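Undergrad: Below: one structure in structure tokens.
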Amino acid sequence: MLIHLAYTLTGDRRCAELQRMDSERLDMSGYAYYENIWGGGAESMFRRKASVVQHLDRLRVGEHSLFEIDDFIVNGGEGPGQQDEHRRLFAPAVDLNFRRFEQDRRAYLEGGAERQADEEAALMRWLPHCRRKLFFEWNAPELVNRLIPFLYLDTYLSLLRAERSTIEQVRRDLVLGLNRAFSHLYLTDSDNLYVTTQYLHSAEQPRPLVRLTIPLSGVDLFVDGRPDMAYDRERPDLLLRFAPPPALALRPGAPMPKLERWRLNLLTFEYLMRLAHGGTYNILADECELSVRALKDQLLSAFAYEPAEAGLIEFFVAERRRYVLKKIQIDEQGHLRSGG
């Protein structure tokens, strides 16, 4: 962390080199701290070695356009308040190559049609840089947080503030997201968590078997604060807590398993929320699928049991444009009986 902070401040440049560049009036805007923090260019040795940079790369701050932010950068804001803020943020300084940004901006706004293409290209080169500057320096978190390409960042932050109304709705969304992540089917039931495992092979498509069913009331979402020694402060985390399936309470003489817990970081939260709202499985799969599989294994290890009805098999089938839970039972003679 200290090495990364040092690189953020210096850009791996020595004083003599920066003084020479300044005396030659070279453009040093690329060495601003809000550029260095991402690890420099693709050829940077620090970028290739620093693990924290690889995590920051996922944020891709400044690489995508937001109308409200780009309009503020280019047009200077609406009303006296925003215009004053624009002048403060974009005052001529080394990180804007002194007056060069303002000159390119003015040329774009005032240029004629015959010069528009060149002036637009010049301004477009500034936009990612200026977005990153605003991300760190503009006191408008509701806007600049949207530069992080997470659709559910605001929801995540509101959960960390323990807003109860948000928790209740998101709990259902997370159960639905887990159902879709476990089964790889577009399930619509969020009243129960279905932990699926091996597949039945059919002529149509493989169908996951349901090994555990935990009702929504048995899944709790809450904020868990724990000490963070690195920052000498408490760091809140989101935690899902799973109660044993009710069927386990019916087993005579068997001890009731303990509650199981699972921590969610922002990436996993985003992955499950996107799935719950119709996203595809490939988005964030590399970062999150292993954690979701580990949760499935954790729940199966803790709660798996032989059902009281021997030979009962539960699985999902497509029916009327949705997946429906079906049950069949195999009796001692090997005959099948439909259970619904």
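Labels for the structure tokens follow display order: chains A, B, ..., residues from 1 in each chain, ligands from 1.
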Which neighbours of Arg293 in chain A fall inside 12 Å, counting only C-alpha atoms, when residues of the same chain fewer than 4 positions from it are skipped, and could you give them as a list of chain:residue names?
TA: A:Leu178, A:Asn179, A:Ala181, A:Phe182, A:Ser183, A:His184, A:Val195, A:Thr196, A:Thr197, A:Trp262, A:Thr268, A:Ala285, A:Asp286, A:Glu287, A:Cys288, A:Glu289, A:Asp297, A:Gln298, A:Leu299, A:Leu300
Undergrad: Go through range 22-248 of chain A and collect every residue that DSSP, computed from the backbone, puts in alpha helix (DSSP H); the answer should be as a PyMOL selection string.
TA: chain A and resi 22-23+33-36+45-49+51-57+67-75+79-89+100-110+116-137+141-144+153-160+164-183
Undergrad: Find, counting only C-alpha atoms, the residue in A:Leu221, A:Leu147, A:Ala249, A:Met45 that gets nearest to Thr166 in chain A.
TA: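 Going through A:Leu221, A:Leu147, A:Ala249, A:Met45 one by one, the smallest distance to Thr166 in chain A is for A:Leu221.
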Undergrad: Find the distance between CA of Ala304 in chain A and CA of Gly218 in chain A and write it in Å to one decimal.
TA: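 Separation of CA of Ala304 in chain A and CA of Gly218 in chain A: 15.4 Å.
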Undergrad: Rounded to one decimal in Å, what is the spacing between CA of Glu78 in chain A and CA of Pro128 in chain A?
TA: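 Result for CA of Glu78 in chain A versus CA of Pro128 in chain A: 21.1 Å, one decimal.
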Undergrad: Please provide the set of residues having any atom within 9 Å of Asp189 in chain A, restricted to only C-alpha atoms, with same-chain residues fewer than 5 positions apart removed, written as a list in words.
TA: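 Selected residues are Val175, Leu176, Asn179, Tyr323 and Val324 of chain A.
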Undergrad: Might you pull out every residue within 9 Å of Asp191 in chain A, with only C-alpha atoms counted and same-chain residues fewer than 6 positions away left off, and present them as an mmCIF file with C-alpha atoms, in the first residue's frame?
TA:
data_model
loop_
_atom_site.group_PDB
_atom_site.id
_atom_site.type_symbol
_atom_site.label_atom_id
_atom_site.label_comp_id
_atom_site.auth_asym_id
_atom_site.auth_seq_id
_atom_site.Cartn_x
_atom_site.Cartn_y
_atom_site.Cartn_z
ATOM 1 C CA ARG A 172 -35.230 -11.094 -1.792
ATOM 2 C CA VAL A 175 -32.014 -14.982 -2.934
ATOM 3 C CA LEU A 176 -33.236 -14.791 -6.529
ATOM 4 C CA ILE A 214 -34.338 -22.739 2.587
ATOM 5 C CA PRO A 215 -37.317 -20.369 2.883
ATOM 6 C CA LEU A 216 -36.755 -16.645 2.497
ATOM 7 C CA SER A 217 -37.451 -16.226 6.208
#
Undergrad: Give the answer as one residue: which of A:Ser29, A:Gln82, A:Asn75, A:Ser51 has the shortest atom-to-atom distance to Leu96 in chain A, using only C-alpha atoms?
TA: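 With only C-alpha atoms as the atom set, the closest residue is A:Ser29.
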Undergrad: Taking only range 74-273 of chain A into account, list the residues labelled strand (DSSP E) by DSSP (computed from the backbone), as a VMD selection string.
TA: chain A and resid 192 to 200 207 to 215 219 to 228 233 to 242 260 to 264
Undergrad: Do you know which residues are at most 12 Å from Gly279 in chain A counting only C-alpha atoms, after dropping those on the same chain fewer than 3 positions away, and could you put them as a ChimeraX atom specification?
TA: /A:151,176-177,180-181,184-186,270-276,282-285
Undergrad: Kindly save the residues from that selection, with N, CA, C and O atoms included, as a tab-separated table (two decimals), in the first residue's frame.
TA:
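Output file out.tsv is given in full below:
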chain	number	residue	atom	x	y	z
A	151	LEU	N	-23.79	-0.96	-11.31
A	151	LEU	CA	-25.18	-0.51	-11.37
A	151	LEU	C	-25.80	-0.39	-9.98
A	151	LEU	O	-26.73	0.38	-9.78
A	176	LEU	N	-32.96	-14.50	-5.12
A	176	LEU	CA	-33.24	-14.79	-6.53
A	176	LEU	C	-31.93	-14.89	-7.32
A	176	LEU	O	-31.77	-15.79	-8.17
A	177	GLY	N	-31.00	-13.98	-7.06
A	177	GLY	CA	-29.71	-14.04	-7.75
A	177	GLY	C	-28.96	-15.33	-7.45
A	177	GLY	O	-28.35	-15.94	-8.34
A	180	ARG	N	-30.45	-18.26	-9.36
A	180	ARG	CA	-30.02	-18.29	-10.77
A	180	ARG	C	-28.55	-18.65	-10.89
A	180	ARG	O	-28.15	-19.33	-11.84
A	181	ALA	N	-27.74	-18.21	-9.94
A	181	ALA	CA	-26.31	-18.54	-9.98
A	181	ALA	C	-26.09	-20.02	-9.71
A	181	ALA	O	-25.25	-20.67	-10.34
A	184	HIS	N	-28.09	-21.96	-12.83
A	184	HIS	CA	-27.88	-21.49	-14.21
A	184	HIS	C	-29.17	-21.58	-15.02
A	184	HIS	O	-29.14	-21.81	-16.23
A	185	LEU	N	-30.28	-21.40	-14.33
A	185	LEU	CA	-31.58	-21.31	-14.97
A	185	LEU	C	-32.19	-19.96	-14.60
A	185	LEU	O	-31.90	-19.40	-13.54
A	186	TYR	N	-33.07	-19.47	-15.47
A	186	TYR	CA	-33.71	-18.18	-15.22
A	186	TYR	C	-34.93	-18.40	-14.31
A	186	TYR	O	-36.08	-18.28	-14.74
A	270	GLU	N	-22.80	-7.05	-6.73
A	270	GLU	CA	-23.17	-6.61	-8.08
A	270	GLU	C	-23.53	-7.80	-8.96
A	270	GLU	O	-24.51	-7.76	-9.72
A	271	TYR	N	-22.75	-8.87	-8.87
A	271	TYR	CA	-22.99	-10.07	-9.67
A	271	TYR	C	-24.39	-10.64	-9.40
A	271	TYR	O	-25.16	-10.92	-10.33
A	272	LEU	N	-24.73	-10.80	-8.13
A	272	LEU	CA	-26.03	-11.40	-7.78
A	272	LEU	C	-27.19	-10.46	-8.11
A	272	LEU	O	-28.25	-10.91	-8.57
A	273	MET	N	-27.01	-9.17	-7.89
A	273	MET	CA	-28.09	-8.23	-8.19
A	273	MET	C	-28.34	-8.17	-9.69
A	273	MET	O	-29.50	-8.07	-10.14
A	274	ARG	N	-27.28	-8.22	-10.48
A	274	ARG	CA	-27.48	-8.22	-11.94
A	274	ARG	C	-28.22	-9.48	-12.38
A	274	ARG	O	-29.10	-9.42	-13.24
A	275	LEU	N	-27.85	-10.62	-11.81
A	275	LEU	CA	-28.56	-11.86	-12.15
A	275	LEU	C	-30.04	-11.75	-11.76
A	275	LEU	O	-30.92	-12.16	-12.52
A	276	ALA	N	-30.31	-11.19	-10.59
A	276	ALA	CA	-31.69	-11.08	-10.13
A	276	ALA	C	-32.52	-10.18	-11.04
A	276	ALA	O	-33.73	-10.38	-11.18
A	282	ASN	N	-22.19	-14.39	-17.53
A	282	ASN	CA	-20.79	-14.14	-17.84
A	282	ASN	C	-20.26	-12.86	-17.20
A	282	ASN	O	-19.06	-12.71	-16.99
A	283	ILE	N	-21.14	-11.90	-16.89
A	283	ILE	CA	-20.69	-10.62	-16.33
A	283	ILE	C	-20.21	-10.84	-14.90
A	283	ILE	O	-20.96	-11.32	-14.05
A	284	LEU	N	-18.95	-10.53	-14.65
A	284	LEU	CA	-18.30	-10.68	-13.35
A	284	LEU	C	-18.14	-12.14	-12.93
A	284	LEU	O	-17.80	-12.42	-11.78
A	285	ALA	N	-18.36	-13.07	-13.85
A	285	ALA	CA	-18.26	-14.49	-13.48
A	285	ALA	C	-16.85	-14.85	-13.04
A	285	ALA	O	-16.66	-15.61	-12.09
Undergrad: Quick one: distance from CA of Phe135 in chain A to CA of His277 in chain A in Å, one decimal?
TA: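 Those two atoms sit 27.4 Å apart.
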Undergrad: Do you know which residues are at most 8 Å from Ile313 in chain A counting only C-alpha atoms, after dropping those on the same chain fewer than 2 positions away, and could you put them as an mmCIF file with all heavy atoms, in the first residue's frame?
TA:
data_model
loop_
_atom_site.group_PDB
_atom_site.id
_atom_site.type_symbol
_atom_site.label_atom_id
_atom_site.label_comp_id
_atom_site.auth_asym_id
_atom_site.auth_seq_id
_atom_site.Cartn_x
_atom_site.Cartn_y
_atom_site.Cartn_z
ATOM 1 N N LEU A 209 -30.654 -30.794 -9.900
ATOM 2 C CA LEU A 209 -31.456 -31.354 -8.821
ATOM 3 C C LEU A 209 -31.446 -30.412 -7.627
ATOM 4 O O LEU A 209 -30.419 -29.826 -7.292
ATOM 5 C CB LEU A 209 -30.892 -32.705 -8.388
ATOM 6 C CG LEU A 209 -30.872 -33.824 -9.429
ATOM 7 C CD1 LEU A 209 -30.116 -35.021 -8.873
ATOM 8 C CD2 LEU A 209 -32.283 -34.215 -9.811
ATOM 9 N N VAL A 210 -32.568 -30.286 -6.965
ATOM 10 C CA VAL A 210 -32.661 -29.463 -5.757
ATOM 11 C C VAL A 210 -32.288 -30.323 -4.559
ATOM 12 O O VAL A 210 -32.954 -31.311 -4.259
ATOM 13 C CB VAL A 210 -34.083 -28.890 -5.588
ATOM 14 C CG1 VAL A 210 -34.182 -28.109 -4.281
ATOM 15 C CG2 VAL A 210 -34.443 -27.999 -6.768
ATOM 16 N N GLY A 311 -36.243 -41.643 -1.988
ATOM 17 C CA GLY A 311 -36.425 -41.649 -3.433
ATOM 18 C C GLY A 311 -37.063 -40.397 -3.993
ATOM 19 O O GLY A 311 -37.380 -40.351 -5.187
ATOM 20 N N PHE A 315 -36.722 -31.084 -9.039
ATOM 21 C CA PHE A 315 -35.977 -30.428 -10.112
ATOM 22 C C PHE A 315 -36.908 -29.434 -10.805
ATOM 23 O O PHE A 315 -38.124 -29.412 -10.569
ATOM 24 C CB PHE A 315 -35.434 -31.455 -11.114
ATOM 25 C CG PHE A 315 -36.492 -32.325 -11.730
ATOM 26 C CD1 PHE A 315 -37.043 -32.023 -12.966
ATOM 27 C CD2 PHE A 315 -36.948 -33.454 -11.057
ATOM 28 C CE1 PHE A 315 -38.027 -32.823 -13.527
ATOM 29 C CE2 PHE A 315 -37.934 -34.265 -11.611
ATOM 30 C CZ PHE A 315 -38.478 -33.947 -12.850
ATOM 31 N N LYS A 327 -41.630 -32.578 -8.670
ATOM 32 C CA LYS A 327 -41.166 -33.642 -7.779
ATOM 33 C C LYS A 327 -41.578 -34.993 -8.351
ATOM 34 O O LYS A 327 -42.694 -35.152 -8.852
ATOM 35 C CB LYS A 327 -41.775 -33.483 -6.384
ATOM 36 C CG LYS A 327 -41.448 -32.163 -5.699
ATOM 37 C CD LYS A 327 -42.119 -32.075 -4.336
ATOM 38 C CE LYS A 327 -41.845 -30.734 -3.675
ATOM 39 N NZ LYS A 327 -42.482 -30.631 -2.335
ATOM 40 N N ILE A 328 -40.659 -35.925 -8.282
ATOM 41 C CA ILE A 328 -40.997 -37.310 -8.601
ATOM 42 C C ILE A 328 -40.447 -38.191 -7.491
ATOM 43 O O ILE A 328 -39.489 -37.816 -6.799
ATOM 44 C CB ILE A 328 -40.431 -37.763 -9.969
ATOM 45 C CG1 ILE A 328 -38.902 -37.646 -9.992
ATOM 46 C CG2 ILE A 328 -41.054 -36.989 -11.111
ATOM 47 C CD1 ILE A 328 -38.280 -38.232 -11.247
ATOM 48 N N GLN A 329 -41.073 -39.343 -7.321
ATOM 49 C CA GLN A 329 -40.620 -40.269 -6.294
ATOM 50 C C GLN A 329 -40.422 -41.646 -6.907
ATOM 51 O O GLN A 329 -41.245 -42.116 -7.702
ATOM 52 C CB GLN A 329 -41.625 -40.356 -5.147
ATOM 53 C CG GLN A 329 -41.076 -41.113 -3.944
ATOM 54 C CD GLN A 329 -41.840 -40.794 -2.681
ATOM 55 O OE1 GLN A 329 -42.876 -40.144 -2.728
ATOM 56 N NE2 GLN A 329 -41.338 -41.243 -1.544
#
Undergrad: Nearest to His86 in chain A among A:Gln54, A:Asn139, A:Thr213, A:Ser301, with distances taken over only C-alpha atoms: which residue is it?
TA: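 Going through A:Gln54, A:Asn139, A:Thr213, A:Ser301 one by one, the smallest distance to His86 in chain A is for A:Asn139.
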Undergrad: Which of these residues is nearest to Trp138 in chain A, using only C-alpha atoms: A:Gly111, A:Glu85, A:Gln103, A:Arg125?
TA: A:Glu85
Undergrad: Taking only C-alpha atoms into account, name the residue in A:Arg105, A:Arg25, A:Arg88, A:Arg146 that is nearest to Trp126 in chain A.
TA: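 Closest candidate: A:Arg105.
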Undergrad: Please list as a list in words every residue within 10 Å of Glu35 in chain A, counting only C-alpha atoms and excluding residues in the same chain fewer than 5 positions away.
TA: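 Counting only C-alpha atoms, the residues come to Thr8, Leu9, Gly11, Ser29, Gly30, Gly40, Gly41, Asp95, Pro128, His129, Arg132 and Lys133 of chain A.
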Undergrad: Any chance you could export the current selection's C-alpha atoms as a compact mmCIF listing (two decimals), in the first residue's frame?
TA:
# COMPACT_ATOMS: atom_id res chain seq x y z
CA THR A 8 0.50 7.91 -6.84
CA LEU A 9 2.38 10.98 -5.61
CA GLY A 11 4.52 8.73 -10.89
CA SER A 29 -0.86 16.50 -17.11
CA GLY A 30 -0.45 12.73 -17.40
CA GLY A 40 0.55 4.46 -15.29
CA GLY A 41 0.48 3.32 -18.91
CA ASP A 95 -2.60 18.79 -14.30
CA PRO A 128 -11.22 10.62 -19.59
CA HIS A 129 -8.61 12.71 -17.79
CA ARG A 132 -10.93 11.07 -13.27
CA LYS A 133 -10.13 14.53 -11.91
